[in-house]
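Asker: Sharing a structure, written as structure tokens. Questions coming.
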Amino acid sequence: MLEDGSGSKRPYFDLSDRRKMSARNAALDSLTGLRWWAAFAVFFFHMTAFAPIPIFPLFEYGNYGVMFFFILSGFVLSWSWKADLPVRAFYMRRFGRIWPSAFVALLLAIPIFYSFNPDPAHWWVKPFDLGILLLSVPLIQGWWLAPAILFSGNPAAWTLTCEFFFYSLHPLFQRAYIRISSQAVLIALVAIFVGILIVKSACFASGGQGCVPLPLPIERLPEFVIGMGIGVLAKRGKLLRLSPWMPIAALGVLFVYLSFGSALAIPESFIQLSLYFANEMTLLLMALTIASVAQRDISGMRTGFKSSWLVKLGEVSFAFYLVHATVMYVFVDIFGQLDVSWKNLTWYPIVLVAGLVIAFALHAWVEKPFEKKIRRFSDRIKLSQ
């Protein structure tokens, strides 16, 4: 039997010991497939700046793909956590996983988003500023809220500032999680979510008085920590028996409602309240989606998210995320920003394929080789201790 973190041994639901061992080694390919759909949603979000179609308000909620990445990142790191891996080796592996591709993507983005003499009509092109650009090399630009810094270098890379911050804290939170019972982990997750609601409600009630915006790595940390807790529970066999299509369908209904609710004669005050708490509703539904999909994979059930082509796209989703905006703004630079039209749909597969070609090259020639080299080096550190 598996220990639940408190030192006691107890059965978890109806999983046999053999199935528990299998669960701990499950590849969870469906979550890799879901990563692609999250990246695809972000792609649609950014495409509204180039080729909007009449339902573009719905596409604007594609930015929540980033929230999915943060939750999933916490889940995967806790799911794959090995207590015998030195912290230094853990940090090296995270660095090797993220930084080389991010640096190459930064080099690709600079000619698109910077100029020594930018055209005022090209609002996405910023004046060249070496000092600001250098913040993107160690991926610390996300600690500033000023858009010129936050979205400097490769505009999509602000999320990597958050990820590096999350990685720095992961061993600390992981040790805290594994020392407490599964019930306590669940209570902690509920407490985090309720705490978010309390703070958000207080800001809403006060009209924003005294609610100071936090740097995004701190503001988004709860998403990662919630993902970690779900990963710990999944690894212990505390599986959520829920069809993943329920939270996925709820997400679809939520985004349609937020996009077009005003056209359904719903009171404006209720719509505004819903928009204010959209982050929290999405966080809950995405957490349930990840938990339920992971449960299906661990149990060997079908999910619809682990076909070979979808898993492969999920594997290159990080590289695609890094380059897709850069590729899209090449098209914006050439063709300009298009008016809203259904005809713009023809541009989506064109930009998508162009982004995927570069993403596959980045994945094959940079991401995987560097990750393997640094992983081998970190393994030597592990063996030497």
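If you're wondering about the labels, chains in the structure tokens are A, B, ... by order shown, residues count from 1 in each chain, ligands from 1 in order shown.
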From range 140-331 of chain A, collect each residue whose DSSP state is helix (DSSP H, G or I) and return the set as a PyMOL selection string.
Answerer: chain A and resi 141-143+147-150+155-178+182-205+216-219+221-235+245-264+268-276+278-298+308-315+317-331
Asker: Which is closest to Ile218 in chain A among A:Leu273, A:Cys162, A:Ala121, A:Ile71, if we use only C-alpha atoms?
Answerer: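 Of all the options, A:Cys162 lies closest to Ile218 in chain A.
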Asker: Please, which residues in range 138-214 of chain A fall within 10 Å of range 94-99 of chain A when counting only C-alpha atoms, and what is the closest atom pair and distance in Å to one decimal for each, ordered by chain then residue number, as JSON lines?
Answerer:
```
{"residue": "A:Pro138", "atom": "CA", "partner": "A:Trp99", "partner_atom": "CA", "distance": 8.3}
{"residue": "A:Leu139", "atom": "CA", "partner": "A:Trp99", "partner_atom": "CA", "distance": 8.3}
{"residue": "A:Leu160", "atom": "CA", "partner": "A:Ile98", "partner_atom": "CA", "distance": 7.8}
{"residue": "A:Glu163", "atom": "CA", "partner": "A:Ile98", "partner_atom": "CA", "distance": 8.9}
{"residue": "A:Phe164", "atom": "CA", "partner": "A:Arg94", "partner_atom": "CA", "distance": 8.1}
{"residue": "A:Tyr167", "atom": "CA", "partner": "A:Arg94", "partner_atom": "CA", "distance": 7.2}
{"residue": "A:Ser168", "atom": "CA", "partner": "A:Arg94", "partner_atom": "CA", "distance": 9.5}
```
Asker: Just N, CA, C and O atoms for this one: save the residues we selected as a PDB file, in the first residue's frame.
Answerer:
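Output contents, as saved in again.pdb:
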```pdb
ATOM      1  N   PRO A 138      17.193  36.505 -18.593  1.00  0.00           N
ATOM      2  CA  PRO A 138      16.966  35.644 -17.417  1.00  0.00           C
ATOM      3  C   PRO A 138      15.495  35.413 -17.111  1.00  0.00           C
ATOM      4  O   PRO A 138      15.156  34.835 -16.086  1.00  0.00           O
ATOM      5  N   LEU A 139      14.621  35.898 -17.980  1.00  0.00           N
ATOM      6  CA  LEU A 139      13.170  35.702 -17.848  1.00  0.00           C
ATOM      7  C   LEU A 139      12.630  36.298 -16.551  1.00  0.00           C
ATOM      8  O   LEU A 139      11.887  35.647 -15.806  1.00  0.00           O
ATOM      9  N   LEU A 160       6.794  32.667 -18.545  1.00  0.00           N
ATOM     10  CA  LEU A 160       7.957  31.899 -18.100  1.00  0.00           C
ATOM     11  C   LEU A 160       8.572  32.508 -16.851  1.00  0.00           C
ATOM     12  O   LEU A 160       9.204  31.794 -16.065  1.00  0.00           O
ATOM     13  N   GLU A 163       6.616  30.753 -14.360  1.00  0.00           N
ATOM     14  CA  GLU A 163       7.026  29.358 -14.230  1.00  0.00           C
ATOM     15  C   GLU A 163       8.336  29.228 -13.454  1.00  0.00           C
ATOM     16  O   GLU A 163       8.466  28.343 -12.592  1.00  0.00           O
ATOM     17  N   PHE A 164       9.306  30.077 -13.729  1.00  0.00           N
ATOM     18  CA  PHE A 164      10.573  30.001 -13.004  1.00  0.00           C
ATOM     19  C   PHE A 164      10.359  30.270 -11.519  1.00  0.00           C
ATOM     20  O   PHE A 164      10.998  29.654 -10.661  1.00  0.00           O
ATOM     21  N   TYR A 167       8.810  27.168 -10.086  1.00  0.00           N
ATOM     22  CA  TYR A 167       9.805  26.114  -9.933  1.00  0.00           C
ATOM     23  C   TYR A 167      10.664  26.337  -8.692  1.00  0.00           C
ATOM     24  O   TYR A 167      11.026  25.381  -8.002  1.00  0.00           O
ATOM     25  N   SER A 168      11.009  27.591  -8.432  1.00  0.00           N
ATOM     26  CA  SER A 168      11.863  27.887  -7.281  1.00  0.00           C
ATOM     27  C   SER A 168      11.205  27.487  -5.970  1.00  0.00           C
ATOM     28  O   SER A 168      11.885  27.125  -5.009  1.00  0.00           O
TER      29      SER A 168
END
```
Asker: Using only C-alpha atoms for the distances, tell me which of A:Ala102, A:Leu135, A:Ala41, A:Ile226 is nearest to Phe59 in chain A.
Answerer: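 Of A:Ala102, A:Leu135, A:Ala41, A:Ile226, the one nearest Phe59 in chain A is A:Ala41, counting only C-alpha atoms.
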Asker: Have a look at CA of Ala263 in chain A and CA of Pro57 in chain A and let me know their distance in Å, one decimal.
Answerer: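 Here the two named atoms are 12.6 Å from each other.
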Asker: Write out as an MDAnalysis selection string all residues of range 94-139 of chain A that backbone DSSP assigns to strand (DSSP E).
Answerer: chainID A and resid 114:115 126:127
Asker: Restricting the calculation to only C-alpha atoms: of A:Asp84, A:Glu367, A:Glu280, A:Asp29, which residue gets closest to Val316 in chain A?
Answerer: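 That would be A:Glu367, the residue with the smallest distance to Val316 in chain A.
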Asker: Interatomic distance between CA of Ser341 in chain A and CA of Ile53 in chain A?
Answerer: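 Between CA of Ser341 in chain A and CA of Ile53 in chain A the gap works out to 4.9 Å.
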Asker: Considering only C-alpha atoms, state which residue in the set A:Arg375, A:Leu288, A:Phe45, A:Asp333 is at the smallest distance from Pro118 in chain A.
Answerer: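 Among the listed residues, A:Asp333 lies closest to Pro118 in chain A.
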Asker: Can you tell me how far CA of Thr48 in chain A sits from CA of Gly252 in chain A, in Å to one decimal?
Answerer: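 These two atoms are separated by 18.4 Å.
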Asker: Name the residues in contact with Val66 in chain A at a cut-off of 8 Å, using only C-alpha atoms, excluding same-chain residues fewer than 6 positions from it; report them as a list of chain:residue names.
Answerer: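 Skipping anything fewer than 6 positions along the chain leaves A:Ala38, A:Ala39, A:Val42, A:Thr159.
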Asker: Could you write out the selected residues, including C-alpha atoms, as a PDB file, in the first residue's frame?
Answerer:
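Just written: out-v5.pdb:
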```pdb
ATOM      1  CA  ALA A  38      -4.746  24.943 -24.316  1.00  0.00           C
ATOM      2  CA  ALA A  39      -2.056  26.220 -26.684  1.00  0.00           C
ATOM      3  CA  VAL A  42      -4.177  30.877 -26.832  1.00  0.00           C
ATOM      4  CA  THR A 159       4.469  33.385 -18.417  1.00  0.00           C
TER       5      THR A 159
END
```
Asker: Name all residues at most 9 Å from Ile230 in chain A (count only C-alpha atoms; drop same-chain ones fewer than 6 positions away) and give them as an NGL selection string.
Answerer: :A and (74-75 or 78-79 or 185-186 or 189 or 287 or 290-291)
